[in-house]
Amino acid sequence: MEASFSHLHFRPLYTPLLHRTISKTKLPPFQNARIRLMVPSAMRSRSWLLPKSSRRPVVFPPIQASKGEAELADGVDGRILVGSGVTVLFAVLNRVLYKLALVPMKNYPFFLAQVTTFGYVAVYFSILYVRYHAGTVTKEMLAIPKSHFMAIGLLEALGVASGMSAGAMLPGPAIPILSQSFLVWQLILSVIILGRKYSFNQIFGCLLVTVGVVLAVASGANEGQFLSEVEFRWPALMVASSAFQSAASILKEFVFIDSAKRLQGKPLDIFVVNSFGSGFQALFVFLLLPFLSNVRGIPFPELPSYIKSGAACFLNLGGNMTGCEGAPLLPLLFIMMNMAFNISLLRLVKISSALVASLAATLAVPISIYILSLPLPYIPQGTSLNLYFIIGAAIVVLGLMLYNLPQSANWSHRSD
């Protein structure tokens with residue numbers, strides 16, 4: 001929707017785990033921010049799940065990561081420098097536009113989530129259709145059981161809806177920080193579900209992220225501080241949104257593992273997962289509207305009126321609807337920038353390494369926090385950052401760097 005919208009998040013929340021996995025495979029130049037883990041990295045550590053005859057073919061050699069690191073050692077390639085700059089720029093714009101898009105749609109976050117989700121469904125199924133007729137996607141891939149996609153769609157629907165609901169009520173700088181809790185959930189759930197093992201540096205990096213997030217949230221514990229005017233349920237809901245999306249990403253990894261057995265070692269095309277996952281997500285966002293709207297105090301009988309008002313606010317015909325200033329320009333800009341960010345992110349991974357991409361996305365976090373604290377169009381008041389929030393943000397960035405650097409440096413030395 002590390003954007004994960006890590007991205008819509010769509011909470012556009014980029015995560016280092018995404019790049020540790022994607023950099024080992026050649027991917028199509030499209031990716032959804034909501035879908036954090038699209039490549040079966042767990043195959044390497046859980047190869048016992050696969051038939052003996054198919055264990056070796058599904059192991060991807062670490063050519064790209066090694067190549068990128070070699071380029072870094074010899075000197076920065078011009079393409080990598082430009083790609084990194086573009087990725088950082090798009091990552092920052094993605095986060096800023098996410099908050100700006102919720103300004104006119106503050107009272108209709110679920111309607112915005114529904115519109116965005118259906119937009120992605122149209123895009124991904126169109127791409128899937130083209131790839132199927134090109135022979136890239138096979139009938140066997142389309143025959144993969146859809147039960148796991150239903151679970152993924154449900155989790156992402158909860159993640160998107162809760163994230164947008166919370167994002168509409170939170171100060172802009174708080175969103176990038178709270179979104180980083182995705183990494184912590186990712187580590188915990190991958191250990192429980194996939195049996196992953198992590199190094200001391202990775203665990204310590206996650207602990208630092210946790211401390212930084214807690215410190216940032218605690219900055220509003222007392223009157224007059226950063227989040228003092230925000231009810232505690234909104235930061236908690238944003239963290240819960242990260243948990244839902246993290247669980248969805250773990251299920252995606254499991255789908256790749258399971259499909260390797262069914263396809264006899266042939267990797268499942270990522271657009272099969274993108275398309276069906278987004279399709280079920282759109283379905284569940286629609287079905288959950290009565291429950292989710294009730295969270296915001298909208299009774300079920302008033303739901304049709306809510307949807308009608310949301311559509312009117314989104315279209316903002318004439319541009320003179322009170323409270324909807326900036327629509328539909330800001331929501332549409334966010335959707336387009338979200339796609340552009342993910343394309344640039346995958347492109348950077350392809351031409352460089354996981355290390356470069358991770359650092360580029362990490363650099364976007366403090367820049368986004370600073371920009372979102374300034375007076376912006378449709379948010380003229382800005383936000384004052386207190387000392388505790390700044391320290392918390394610094395600890396989060398330090399934890400992200402600590403998590404990524406050793407992992408990326410030793411990428412090519414791992415064994416199966």
# chains A, B, ... in the order shown; residues from 1 in each chain; ligands from 1

call {"tool": "residues_around", "arguments": {"residues": "Ile80 in chain A", "least_positions_apart": "6", "cutoff": "8 Å", "atoms": "only C-alpha atoms", "output": "list in words"}}
result
Leu348, Ile351 and Ser352 of chain A

call {"tool": "write_last_selection", "arguments": {"atoms": "C-alpha atoms", "output": "CSV table (one decimal), in the first residue's frame"}}
result
chain,number,residue,atom,x,y,z
A,348,LEU,CA,18.8,0.6,-7.6
A,351,ILE,CA,22.4,-2.0,-10.6
A,352,SER,CA,24.1,-1.9,-7.2

call {"tool": "residues_around", "arguments": {"residues": "Pro331 in chain A", "least_positions_apart": "5", "cutoff": "9 Å", "atoms": "only C-alpha atoms", "output": "number ranges by chain"}}
result
A: 97-98, 100-102, 104-105, 112, 116, 314, 326, 336

call {"tool": "closest_residue", "arguments": {"among": "A:Pro176, A:Phe110, A:Tyr403, A:Phe276", "to": "Ser373 in chain A", "atoms": "only C-alpha atoms"}}
result
A:Pro176

call {"tool": "residues_around", "arguments": {"residues": "Thr117 in chain A", "least_positions_apart": "3", "cutoff": "8 Å", "atoms": "only C-alpha atoms", "output": "list of chain:residue names"}}
result
A:Met1, A:Ala113, A:Gln114, A:Tyr120, A:Val121, A:Ser278, A:Gln281, A:Ala282

call {"tool": "write_last_selection", "arguments": {"atoms": "all heavy atoms", "output": "mmCIF file, in the first residue's frame"}}
result
data_model
loop_
_atom_site.group_PDB
_atom_site.id
_atom_site.type_symbol
_atom_site.label_atom_id
_atom_site.label_comp_id
_atom_site.auth_asym_id
_atom_site.auth_seq_id
_atom_site.Cartn_x
_atom_site.Cartn_y
_atom_site.Cartn_z
ATOM 1 N N MET A 1 0.436 -0.365 0.000
ATOM 2 C CA MET A 1 0.000 0.000 0.000
ATOM 3 C C MET A 1 0.706 0.591 0.000
ATOM 4 O O MET A 1 1.196 0.435 0.110
ATOM 5 C CB MET A 1 -0.900 -0.586 0.319
ATOM 6 C CG MET A 1 -1.758 -0.927 0.504
ATOM 7 S SD MET A 1 -2.602 -1.312 0.891
ATOM 8 C CE MET A 1 -2.818 -1.700 1.311
ATOM 9 N N ALA A 113 -8.207 4.359 1.057
ATOM 10 C CA ALA A 113 -7.585 3.028 1.016
ATOM 11 C C ALA A 113 -8.246 2.160 -0.048
ATOM 12 O O ALA A 113 -7.574 1.422 -0.781
ATOM 13 C CB ALA A 113 -7.683 2.357 2.388
ATOM 14 N N GLN A 114 -9.568 2.245 -0.148
ATOM 15 C CA GLN A 114 -10.299 1.437 -1.128
ATOM 16 C C GLN A 114 -9.948 1.865 -2.552
ATOM 17 O O GLN A 114 -9.686 1.028 -3.419
ATOM 18 C CB GLN A 114 -11.800 1.586 -0.893
ATOM 19 C CG GLN A 114 -12.648 0.637 -1.725
ATOM 20 C CD GLN A 114 -12.532 -0.803 -1.264
ATOM 21 O OE1 GLN A 114 -12.818 -1.133 -0.130
ATOM 22 N NE2 GLN A 114 -12.090 -1.671 -2.150
ATOM 23 N N TYR A 120 -4.351 -0.325 -7.646
ATOM 24 C CA TYR A 120 -3.262 -1.297 -7.760
ATOM 25 C C TYR A 120 -3.747 -2.612 -8.363
ATOM 26 O O TYR A 120 -3.019 -3.267 -9.104
ATOM 27 C CB TYR A 120 -2.638 -1.551 -6.387
ATOM 28 C CG TYR A 120 -1.607 -0.524 -6.014
ATOM 29 C CD1 TYR A 120 -1.906 0.511 -5.134
ATOM 30 C CD2 TYR A 120 -0.338 -0.577 -6.553
ATOM 31 C CE1 TYR A 120 -0.969 1.464 -4.802
ATOM 32 C CE2 TYR A 120 0.620 0.373 -6.224
ATOM 33 C CZ TYR A 120 0.299 1.393 -5.351
ATOM 34 O OH TYR A 120 1.228 2.342 -5.024
ATOM 35 N N VAL A 121 -4.963 -2.992 -8.047
ATOM 36 C CA VAL A 121 -5.520 -4.223 -8.630
ATOM 37 C C VAL A 121 -5.554 -4.104 -10.150
ATOM 38 O O VAL A 121 -5.156 -5.024 -10.878
ATOM 39 C CB VAL A 121 -6.932 -4.503 -8.077
ATOM 40 C CG1 VAL A 121 -7.611 -5.616 -8.872
ATOM 41 C CG2 VAL A 121 -6.853 -4.901 -6.606
ATOM 42 N N SER A 278 -3.368 -8.317 -3.972
ATOM 43 C CA SER A 278 -4.058 -7.028 -4.040
ATOM 44 C C SER A 278 -5.556 -7.213 -4.275
ATOM 45 O O SER A 278 -6.378 -6.446 -3.759
ATOM 46 C CB SER A 278 -3.457 -6.172 -5.168
ATOM 47 O OG SER A 278 -2.114 -5.867 -4.898
ATOM 48 N N GLN A 281 -7.060 -8.156 -1.083
ATOM 49 C CA GLN A 281 -6.985 -7.001 -0.195
ATOM 50 C C GLN A 281 -8.128 -6.029 -0.489
ATOM 51 O O GLN A 281 -8.778 -5.527 0.445
ATOM 52 C CB GLN A 281 -5.646 -6.284 -0.372
ATOM 53 C CG GLN A 281 -5.531 -5.029 0.477
ATOM 54 C CD GLN A 281 -4.214 -4.328 0.273
ATOM 55 O OE1 GLN A 281 -3.247 -4.929 -0.162
ATOM 56 N NE2 GLN A 281 -4.176 -3.043 0.582
ATOM 57 N N ALA A 282 -8.373 -5.759 -1.764
ATOM 58 C CA ALA A 282 -9.478 -4.868 -2.133
ATOM 59 C C ALA A 282 -10.813 -5.428 -1.648
ATOM 60 O O ALA A 282 -11.669 -4.685 -1.146
ATOM 61 C CB ALA A 282 -9.504 -4.676 -3.649
#

call {"tool": "atom_distance", "arguments": {"atom1": "CA of Ala361 in chain A", "atom2": "CA of Gln186 in chain A"}}
result
17.1 Å

call {"tool": "select_by_dssp", "arguments": {"residues": "range 175-226 of chain A", "states": "alpha helix (DSSP H)", "output": "ChimeraX atom specification"}}
result
/A:175-179,181-189,200-218

call {"tool": "closest_residue", "arguments": {"among": "A:Val191, A:Ile369, A:Met141, A:Ile127", "to": "Lys266 in chain A", "atoms": "only C-alpha atoms"}}
result
A:Met141

call {"tool": "closest_residue", "arguments": {"among": "A:Leu333, A:Ala327, A:Ala134, A:Ala393", "to": "Phe90 in chain A", "atoms": "only C-alpha atoms"}}
result
A:Leu333

call {"tool": "residues_around", "arguments": {"residues": "Asn316 in chain A", "least_positions_apart": "3", "cutoff": "8 Å", "atoms": "only C-alpha atoms", "output": "list in words"}}
result
Ala312, Cys313, Gly319, Asn320, Met321, Cys324, Glu325, Ala327 and Pro328 of chain A

call {"tool": "closest_residue", "arguments": {"among": "A:Asn294, A:Ser126, A:Asn386, A:Ser242", "to": "Leu158 in chain A", "atoms": "only C-alpha atoms"}}
result
A:Ser242

call {"tool": "residues_around", "arguments": {"residues": "Phe280 in chain A", "least_positions_apart": "5", "cutoff": "10 Å", "atoms": "only C-alpha atoms", "output": "mmCIF file with C-alpha atoms, in the first residue's frame"}}
result
data_model
loop_
_atom_site.group_PDB
_atom_site.id
_atom_site.type_symbol
_atom_site.label_atom_id
_atom_site.label_comp_id
_atom_site.auth_asym_id
_atom_site.auth_seq_id
_atom_site.Cartn_x
_atom_site.Cartn_y
_atom_site.Cartn_z
ATOM 1 C CA THR A 117 -6.242 -0.641 -3.540
ATOM 2 C CA VAL A 121 -5.520 -4.223 -8.630
ATOM 3 C CA LYS A 146 -5.594 -19.114 -3.305
ATOM 4 C CA PHE A 149 -3.515 -15.155 -0.890
ATOM 5 C CA MET A 150 -6.781 -14.687 1.001
ATOM 6 C CA ALA A 151 -4.893 -14.559 4.305
ATOM 7 C CA ILE A 152 -2.375 -12.121 2.807
ATOM 8 C CA GLY A 153 -5.186 -9.934 1.502
ATOM 9 C CA LEU A 154 -6.921 -9.867 4.891
ATOM 10 C CA LEU A 155 -3.728 -8.897 6.742
ATOM 11 C CA GLU A 156 -2.841 -6.210 4.231
ATOM 12 C CA ALA A 157 -6.376 -4.843 4.277
ATOM 13 C CA SER A 275 -2.181 -9.434 -8.331
ATOM 14 C CA VAL A 285 -11.103 -3.608 2.628
ATOM 15 C CA PHE A 286 -14.615 -3.397 1.197
#

call {"tool": "closest_residue", "arguments": {"among": "A:Ile379, A:Ile188, A:Leu303, A:Leu329", "to": "Leu315 in chain A", "atoms": "only C-alpha atoms"}}
result
A:Leu329

call {"tool": "decode", "arguments": {"residues": "range 110-255 of chain A", "atoms": "C-alpha atoms", "output": "PDB file, in the first residue's frame"}}
result
ATOM      1  CA  PHE A 110     -10.995   4.071   4.393  1.00  0.00           C
ATOM      2  CA  PHE A 111     -12.392   5.443   1.154  1.00  0.00           C
ATOM      3  CA  LEU A 112      -8.891   6.489   0.106  1.00  0.00           C
ATOM      4  CA  ALA A 113      -7.585   3.028   1.016  1.00  0.00           C
ATOM      5  CA  GLN A 114     -10.299   1.437  -1.128  1.00  0.00           C
ATOM      6  CA  VAL A 115      -9.619   3.671  -4.137  1.00  0.00           C
ATOM      7  CA  THR A 116      -5.872   3.111  -3.902  1.00  0.00           C
ATOM      8  CA  THR A 117      -6.242  -0.641  -3.540  1.00  0.00           C
ATOM      9  CA  PHE A 118      -8.522  -0.921  -6.568  1.00  0.00           C
ATOM     10  CA  GLY A 119      -6.020   1.173  -8.518  1.00  0.00           C
ATOM     11  CA  TYR A 120      -3.262  -1.297  -7.760  1.00  0.00           C
ATOM     12  CA  VAL A 121      -5.520  -4.223  -8.630  1.00  0.00           C
ATOM     13  CA  ALA A 122      -6.108  -2.759 -12.094  1.00  0.00           C
ATOM     14  CA  VAL A 123      -2.399  -2.133 -12.643  1.00  0.00           C
ATOM     15  CA  TYR A 124      -1.155  -5.500 -11.396  1.00  0.00           C
ATOM     16  CA  PHE A 125      -3.733  -7.637 -13.164  1.00  0.00           C
ATOM     17  CA  SER A 126      -2.998  -5.757 -16.388  1.00  0.00           C
ATOM     18  CA  ILE A 127       0.692  -6.573 -16.010  1.00  0.00           C
ATOM     19  CA  LEU A 128      -0.146 -10.174 -15.104  1.00  0.00           C
ATOM     20  CA  TYR A 129      -2.273 -10.476 -18.246  1.00  0.00           C
ATOM     21  CA  VAL A 130       0.601  -9.269 -20.439  1.00  0.00           C
ATOM     22  CA  ARG A 131       3.124 -11.569 -18.746  1.00  0.00           C
ATOM     23  CA  TYR A 132       0.802 -14.548 -19.100  1.00  0.00           C
ATOM     24  CA  HIS A 133       0.436 -14.044 -22.839  1.00  0.00           C
ATOM     25  CA  ALA A 134       4.203 -13.518 -23.092  1.00  0.00           C
ATOM     26  CA  GLY A 135       4.740 -16.935 -21.493  1.00  0.00           C
ATOM     27  CA  THR A 136       6.452 -15.619 -18.365  1.00  0.00           C
ATOM     28  CA  VAL A 137       3.493 -16.635 -16.182  1.00  0.00           C
ATOM     29  CA  THR A 138       2.313 -20.223 -16.687  1.00  0.00           C
ATOM     30  CA  LYS A 139      -0.988 -21.966 -16.038  1.00  0.00           C
ATOM     31  CA  GLU A 140       0.686 -23.903 -13.217  1.00  0.00           C
ATOM     32  CA  MET A 141       1.511 -20.612 -11.484  1.00  0.00           C
ATOM     33  CA  LEU A 142      -2.075 -19.420 -11.789  1.00  0.00           C
ATOM     34  CA  ALA A 143      -3.268 -22.736 -10.338  1.00  0.00           C
ATOM     35  CA  ILE A 144      -1.489 -22.104  -7.009  1.00  0.00           C
ATOM     36  CA  PRO A 145      -4.073 -22.462  -4.171  1.00  0.00           C
ATOM     37  CA  LYS A 146      -5.594 -19.114  -3.305  1.00  0.00           C
ATOM     38  CA  SER A 147      -6.115 -19.706   0.427  1.00  0.00           C
ATOM     39  CA  HIS A 148      -2.773 -18.140   1.331  1.00  0.00           C
ATOM     40  CA  PHE A 149      -3.515 -15.155  -0.890  1.00  0.00           C
ATOM     41  CA  MET A 150      -6.781 -14.687   1.001  1.00  0.00           C
ATOM     42  CA  ALA A 151      -4.893 -14.559   4.305  1.00  0.00           C
ATOM     43  CA  ILE A 152      -2.375 -12.121   2.807  1.00  0.00           C
ATOM     44  CA  GLY A 153      -5.186  -9.934   1.502  1.00  0.00           C
ATOM     45  CA  LEU A 154      -6.921  -9.867   4.891  1.00  0.00           C
ATOM     46  CA  LEU A 155      -3.728  -8.897   6.742  1.00  0.00           C
ATOM     47  CA  GLU A 156      -2.841  -6.210   4.231  1.00  0.00           C
ATOM     48  CA  ALA A 157      -6.376  -4.843   4.277  1.00  0.00           C
ATOM     49  CA  LEU A 158      -6.133  -4.458   8.048  1.00  0.00           C
ATOM     50  CA  GLY A 159      -2.657  -2.952   7.696  1.00  0.00           C
ATOM     51  CA  VAL A 160      -3.645  -0.418   5.044  1.00  0.00           C
ATOM     52  CA  ALA A 161      -6.896   0.641   6.677  1.00  0.00           C
ATOM     53  CA  SER A 162      -5.422   0.965  10.176  1.00  0.00           C
ATOM     54  CA  GLY A 163      -2.314   2.719   8.852  1.00  0.00           C
ATOM     55  CA  MET A 164      -4.291   5.326   6.918  1.00  0.00           C
ATOM     56  CA  SER A 165      -6.692   5.837   9.802  1.00  0.00           C
ATOM     57  CA  ALA A 166      -3.792   6.454  12.186  1.00  0.00           C
ATOM     58  CA  GLY A 167      -1.803   8.495   9.665  1.00  0.00           C
ATOM     59  CA  ALA A 168      -4.666  10.927   9.271  1.00  0.00           C
ATOM     60  CA  MET A 169      -4.534  11.721  13.010  1.00  0.00           C
ATOM     61  CA  LEU A 170      -0.762  11.686  13.618  1.00  0.00           C
ATOM     62  CA  PRO A 171       1.726  14.524  13.128  1.00  0.00           C
ATOM     63  CA  GLY A 172       3.670  14.018   9.901  1.00  0.00           C
ATOM     64  CA  PRO A 173       7.119  13.377  11.461  1.00  0.00           C
ATOM     65  CA  ALA A 174       5.716  10.583  13.661  1.00  0.00           C
ATOM     66  CA  ILE A 175       4.671   8.434  10.688  1.00  0.00           C
ATOM     67  CA  PRO A 176       8.177   7.528   9.358  1.00  0.00           C
ATOM     68  CA  ILE A 177       9.370   6.713  12.874  1.00  0.00           C
ATOM     69  CA  LEU A 178       6.436   4.522  13.907  1.00  0.00           C
ATOM     70  CA  SER A 179       6.590   2.781  10.544  1.00  0.00           C
ATOM     71  CA  GLN A 180      10.043   1.431  11.328  1.00  0.00           C
ATOM     72  CA  SER A 181       8.479  -0.931  13.879  1.00  0.00           C
ATOM     73  CA  PHE A 182       7.834  -3.115  10.809  1.00  0.00           C
ATOM     74  CA  LEU A 183      11.431  -4.352  11.070  1.00  0.00           C
ATOM     75  CA  VAL A 184      10.931  -5.473  14.665  1.00  0.00           C
ATOM     76  CA  TRP A 185       7.729  -7.350  13.836  1.00  0.00           C
ATOM     77  CA  GLN A 186       9.457  -8.853  10.815  1.00  0.00           C
ATOM     78  CA  LEU A 187      12.274 -10.267  12.910  1.00  0.00           C
ATOM     79  CA  ILE A 188       9.987 -11.678  15.581  1.00  0.00           C
ATOM     80  CA  LEU A 189       7.522 -13.299  13.182  1.00  0.00           C
ATOM     81  CA  SER A 190      10.195 -14.700  10.853  1.00  0.00           C
ATOM     82  CA  VAL A 191      11.832 -16.440  13.822  1.00  0.00           C
ATOM     83  CA  ILE A 192       8.507 -17.890  14.989  1.00  0.00           C
ATOM     84  CA  ILE A 193       7.037 -18.859  11.604  1.00  0.00           C
ATOM     85  CA  LEU A 194      10.028 -19.461   9.331  1.00  0.00           C
ATOM     86  CA  GLY A 195      12.606 -20.498  11.911  1.00  0.00           C
ATOM     87  CA  ARG A 196      15.073 -17.831  10.844  1.00  0.00           C
ATOM     88  CA  LYS A 197      18.248 -17.128  12.775  1.00  0.00           C
ATOM     89  CA  TYR A 198      19.762 -13.673  13.124  1.00  0.00           C
ATOM     90  CA  SER A 199      23.156 -12.356  14.126  1.00  0.00           C
ATOM     91  CA  PHE A 200      23.813 -10.400  17.289  1.00  0.00           C
ATOM     92  CA  ASN A 201      24.218  -7.179  15.316  1.00  0.00           C
ATOM     93  CA  GLN A 202      20.850  -7.644  13.638  1.00  0.00           C
ATOM     94  CA  ILE A 203      19.083  -8.341  16.925  1.00  0.00           C
ATOM     95  CA  PHE A 204      20.795  -5.407  18.591  1.00  0.00           C
ATOM     96  CA  GLY A 205      19.864  -3.186  15.638  1.00  0.00           C
ATOM     97  CA  CYS A 206      16.213  -4.194  16.043  1.00  0.00           C
ATOM     98  CA  LEU A 207      16.383  -3.456  19.754  1.00  0.00           C
ATOM     99  CA  LEU A 208      17.702   0.019  18.954  1.00  0.00           C
ATOM    100  CA  VAL A 209      14.817   0.564  16.540  1.00  0.00           C
ATOM    101  CA  THR A 210      12.398  -0.481  19.281  1.00  0.00           C
ATOM    102  CA  VAL A 211      13.994   1.873  21.805  1.00  0.00           C
ATOM    103  CA  GLY A 212      13.940   4.721  19.293  1.00  0.00           C
ATOM    104  CA  VAL A 213      10.254   4.188  18.454  1.00  0.00           C
ATOM    105  CA  VAL A 214       9.291   3.981  22.140  1.00  0.00           C
ATOM    106  CA  LEU A 215      11.271   7.127  22.932  1.00  0.00           C
ATOM    107  CA  ALA A 216       9.640   8.998  20.049  1.00  0.00           C
ATOM    108  CA  VAL A 217       6.162   7.950  21.160  1.00  0.00           C
ATOM    109  CA  ALA A 218       6.983   8.727  24.794  1.00  0.00           C
ATOM    110  CA  SER A 219       7.825  12.271  23.722  1.00  0.00           C
ATOM    111  CA  GLY A 220       4.092  12.934  23.868  1.00  0.00           C
ATOM    112  CA  ALA A 221       3.555  11.472  27.313  1.00  0.00           C
ATOM    113  CA  ASN A 222       3.525  14.860  29.021  1.00  0.00           C
ATOM    114  CA  GLU A 223       1.594  18.021  28.319  1.00  0.00           C
ATOM    115  CA  GLY A 224       3.253  20.293  25.786  1.00  0.00           C
ATOM    116  CA  GLN A 225       5.413  17.610  24.214  1.00  0.00           C
ATOM    117  CA  PHE A 226       5.422  16.342  20.637  1.00  0.00           C
ATOM    118  CA  LEU A 227       2.514  13.868  20.720  1.00  0.00           C
ATOM    119  CA  SER A 228       0.783  15.259  23.793  1.00  0.00           C
ATOM    120  CA  GLU A 229      -2.306  16.294  21.835  1.00  0.00           C
ATOM    121  CA  VAL A 230      -2.663  12.892  20.133  1.00  0.00           C
ATOM    122  CA  GLU A 231      -4.582  10.049  21.741  1.00  0.00           C
ATOM    123  CA  PHE A 232      -2.390   7.036  22.472  1.00  0.00           C
ATOM    124  CA  ARG A 233      -4.562   4.760  20.330  1.00  0.00           C
ATOM    125  CA  TRP A 234      -3.345   6.410  17.102  1.00  0.00           C
ATOM    126  CA  PRO A 235       0.392   5.668  17.571  1.00  0.00           C
ATOM    127  CA  ALA A 236      -0.601   2.195  18.795  1.00  0.00           C
ATOM    128  CA  LEU A 237      -2.757   1.700  15.697  1.00  0.00           C
ATOM    129  CA  MET A 238       0.152   2.676  13.433  1.00  0.00           C
ATOM    130  CA  VAL A 239       2.395   0.122  15.157  1.00  0.00           C
ATOM    131  CA  ALA A 240      -0.364  -2.485  14.824  1.00  0.00           C
ATOM    132  CA  SER A 241      -0.560  -1.644  11.119  1.00  0.00           C
ATOM    133  CA  SER A 242       3.123  -2.529  10.816  1.00  0.00           C
ATOM    134  CA  ALA A 243       2.437  -5.842  12.544  1.00  0.00           C
ATOM    135  CA  PHE A 244      -0.324  -6.742  10.070  1.00  0.00           C
ATOM    136  CA  GLN A 245       1.840  -5.928   7.071  1.00  0.00           C
ATOM    137  CA  SER A 246       4.802  -7.775   8.535  1.00  0.00           C
ATOM    138  CA  ALA A 247       2.697 -10.923   9.010  1.00  0.00           C
ATOM    139  CA  ALA A 248       1.532 -10.594   5.397  1.00  0.00           C
ATOM    140  CA  SER A 249       5.124 -10.423   4.179  1.00  0.00           C
ATOM    141  CA  ILE A 250       5.998 -13.605   6.090  1.00  0.00           C
ATOM    142  CA  LEU A 251       3.076 -15.385   4.460  1.00  0.00           C
ATOM    143  CA  LYS A 252       4.335 -14.266   1.059  1.00  0.00           C
ATOM    144  CA  GLU A 253       7.673 -15.899   1.748  1.00  0.00           C
ATOM    145  CA  PHE A 254       5.879 -19.080   2.724  1.00  0.00           C
ATOM    146  CA  VAL A 255       3.899 -18.931  -0.541  1.00  0.00           C
TER     147      VAL A 255
END
